[in-house]
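Below is one structure, written out as C-alpha cells, with a few remarks after it.
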Amino acid sequence: MLAFLKVPLSWGQILRRTFDEAFYKDNCFGLAAQLAYYFFFALFPALLFLVALASYFPVHQLVDDMFRTLGGYVPREALTIMTDQLRKISEGKQGGLLTIGVLTALWSTSSAMTAIIDTLNTAYDIEEGRPWWKVRLIAIALTIAIALFILLSLALLLVGPQFVERMLGTYLGSAFEVGWNVLRWPLLFLVASAGIAIIYYYAPDAEQDWVWLTPGSIIATMLWLLASLGFKYYVTNMGAYTATYGAIGGVMVLMLWFYLSGLVILLGAEMNAEIEHASPYGKDEGEKVPGEKRKIGPARMRAWMAERKRRGEKPPSSREVKDLVGEPPADLTPPTPGHPAPAVEPAGTATSAPVGRPQPEPARRPQPEGVVPGWLIGTAVVGAQVWFAVKSLGERRGA
C-alpha cells in the first residue's frame, strides 16, 4: 500500500514517526486521559440513549447481546458497572426516543465525541476553525450515526442466518449457520474498523480522503483488541483492584479501559497523518486542504491568520480554506485501482509542491533542563505496576 501511494518510507519508519509524533510532540498520553474523562461521564447518558434506540429494533435483548459480545474483551469489573446501570435504566419507564431525558442524554453523550474531535485535530496538527454550534451538531450526528451503526451491525451479526434465509425464502441448513458463526468475528473486526474510519473522516476540521484512513483504522482496531484482551487478562489474573480498593476498584478499571481505548484511537489517527504527510498525494503537515500551502503561499497564509486573530476570529475552517484555494491540483489526487496516478513533478521545478518530499526523520523536542521526560515517568509507573502485579501473583500462588 505504501508503494501504491508512493510513500518513500518503510512501515518501520512510519511506526517510528507515529510514536515520535504521538508521545513526544502531541502528548497523546494526556489527550487519552482527557478522552477517558469524557467517556466516563458520557457513559450513562449513552446507555440511556442506546436503550431508547434499541427499543425500535425487531431484535429482542439486543443491548444485552451487545454487552455479552463485549464481555469477551472488556474486564469484568468495567462490564459490571455498565450492566448494573443498564439494568437500572431498563427497570425504569422508557418514554420513547424523543423525550427530554433521552435528548438530554444525547447532548451529554455528544460531549465525548466533541472531545474526540478536539484530540483528532491535535493529532492532525490543525486548529479547529468551525463555529462551536457546528462542531456540536457534527458531534451529535456522529453519536447518532455510530449508535445506529453499532446496533444495525450487531443485529445483522446476531440474526444474520435467519435474515438471509427469510430474504431467500429457503432454509440453508446447519452448515451455513456454522460458517456464519466463523465469519461473524472477521465481520465484527471490519465493522469496528469502519466505525473508527467514519470518526476519522468526519471529526477533524480537514478535507479527508478514505484512502488515508484505512491503515490507521485497521491498526487502531487491532491495537484495541490486543489492549483490551491484555488488560482483561491482567485484571483477571494479576490485578486485585476490587480487593484492594473496594467499590472504587471497578471505576478505576473502567477508566483505565477507557484510557487505553482513547489512546489507540489517537495512535491510528497519528499513523494516518504520518502516511498522508509523507505521500506526494496527501496534505502537508498543518494543512486542512491538499495543496493549501502551494496555492495560498506561506506568507499569505500567515498574514490571513494574523488578520483573523487581530479581529478576534477563529482560524479558518477547512470549508473556508477550500473556498479560497478551490479544488486540489490534479497531481495531489490519490490513485485508485484501475486509474493510474498522475505524474508528480520532481522537486525543484517551478510548480513543485512542498508536500510529498522525502522528509528527514523528525527531531525530538529538546527537553528543558531539570525537567524529567514524560516517557521516563511513564516507564517508571508501568514498571511499578508490573512489580506489584508480579508480587500479587506470587502471593496468590503461595496462599
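A note on labels: chains of the C-alpha cells are A, B, ... as shown, every chain counts residues from 1, and ligands are counted from 1 in their shown order.
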
Determine, counting only C-alpha atoms, which protein, DNA and RNA residues have an atom within 12 Å of an atom of Thr114 (chain A); residues of the same chain fewer than 2 positions away are not included. Present the result as an MDAnalysis selection string. chainID A and resid 34:35 38:39 42 107:112 116:121 128 132:143 199 202:205

So that I can see what lies close to Asn272 (chain A), please list as a PDB file with C-alpha atoms, in the first residue's frame the residues with an atom at most 7 Å from it, counting only C-alpha atoms and leaving out residues fewer than 4 positions away in the same chain.
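As written to disk, result_39.pdb reads:
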ATOM      1  CA  TRP A 212      -5.680   7.753   4.005  1.00  0.00           C
ATOM      2  CA  LEU A 213      -7.970   6.416   6.735  1.00  0.00           C
ATOM      3  CA  PRO A 215      -4.293   1.928   7.668  1.00  0.00           C
ATOM      4  CA  GLY A 216      -4.950   3.805  10.893  1.00  0.00           C
ATOM      5  CA  GLY A 268      -4.498   5.332  14.498  1.00  0.00           C
ATOM      6  CA  GLU A 276      -0.516  11.200   4.295  1.00  0.00           C
TER       7      GLU A 276
END

Which residues, written as a ChimeraX atom specification, have at least one atom at most 6 Å from region 305-320 of chain A, with only C-alpha atoms counted and residues fewer than 3 positions away on the same chain left out? /A:129-130,205-206,288,302,323

Generate the output file for the selected residues, N, CA and C atoms, as a PDB file, in the first residue's frame.
ATOM      1  N   GLY A 129     -11.471  25.423  13.339  1.00  0.00           N
ATOM      2  CA  GLY A 129     -11.927  26.697  12.797  1.00  0.00           C
ATOM      3  C   GLY A 129     -13.425  26.771  12.607  1.00  0.00           C
ATOM      4  N   ARG A 130     -14.132  25.690  12.854  1.00  0.00           N
ATOM      5  CA  ARG A 130     -15.588  25.691  12.690  1.00  0.00           C
ATOM      6  C   ARG A 130     -16.250  26.342  13.899  1.00  0.00           C
ATOM      7  N   ASP A 205     -11.276  18.863  11.488  1.00  0.00           N
ATOM      8  CA  ASP A 205     -11.584  20.012  10.640  1.00  0.00           C
ATOM      9  C   ASP A 205     -10.623  20.015   9.455  1.00  0.00           C
ATOM     10  N   ALA A 206     -10.769  19.006   8.592  1.00  0.00           N
ATOM     11  CA  ALA A 206      -9.896  18.861   7.432  1.00  0.00           C
ATOM     12  C   ALA A 206     -10.634  18.096   6.351  1.00  0.00           C
ATOM     13  N   LYS A 288      -5.239  21.815   5.951  1.00  0.00           N
ATOM     14  CA  LYS A 288      -6.603  21.306   6.054  1.00  0.00           C
ATOM     15  C   LYS A 288      -7.144  20.839   4.705  1.00  0.00           C
ATOM     16  N   ARG A 302       0.114  33.151   6.606  1.00  0.00           N
ATOM     17  CA  ARG A 302       0.424  33.756   7.905  1.00  0.00           C
ATOM     18  C   ARG A 302      -0.272  35.103   8.063  1.00  0.00           C
ATOM     19  N   ASP A 323     -12.809  26.993  -0.101  1.00  0.00           N
ATOM     20  CA  ASP A 323     -13.430  28.040  -0.918  1.00  0.00           C
ATOM     21  C   ASP A 323     -12.378  28.985  -1.488  1.00  0.00           C
TER      22      ASP A 323
END

Set the distance at 12 Å and use only C-alpha atoms: which residues neighbour Ile14 (chain A) once local chain neighbours fewer than 5 positions away are removed? I'd like the list as a PyMOL selection string. chain A and resi 2+7-9+19-22+215-216+267-268+270-279+359-362

Near Gly286 (chain A), counting only C-alpha atoms, which residues have an atom at most 9 Å away, once you skip same-chain residues fewer than 2 positions from it, shown as a VMD selection string? chain A and resid 124 to 127 283 to 284 288

Dump N, CA and C atoms for the selected residues as a compact mmCIF listing (two decimals), in the first residue's frame?
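Result file out-v9.txt:
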# COMPACT_ATOMS: atom_id res chain seq x y z
N TYR A 124 -3.86 15.67 13.96
CA TYR A 124 -3.61 16.07 12.58
C TYR A 124 -2.90 17.42 12.47
N ASP A 125 -2.47 17.97 13.62
CA ASP A 125 -1.70 19.21 13.64
C ASP A 125 -2.45 20.39 13.03
N ILE A 126 -3.74 20.48 13.33
CA ILE A 126 -4.54 21.59 12.83
C ILE A 126 -5.33 22.19 13.99
N GLU A 127 -5.80 23.43 13.78
CA GLU A 127 -6.62 24.11 14.77
C GLU A 127 -8.07 24.12 14.33
N LYS A 283 -2.04 15.69 2.16
CA LYS A 283 -1.89 17.03 2.75
C LYS A 283 -0.54 17.12 3.46
N ASP A 284 0.05 18.29 3.42
CA ASP A 284 1.27 18.52 4.17
C ASP A 284 0.91 18.79 5.63
N LYS A 288 -5.24 21.81 5.95
CA LYS A 288 -6.60 21.31 6.05
C LYS A 288 -7.14 20.84 4.70

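If you measure from each of A:Asn181, A:Thr122, A:Val289, A:Ser228 to Asn27 (chain A) using only C-alpha atoms, the closest one turns out to be A:Thr122.
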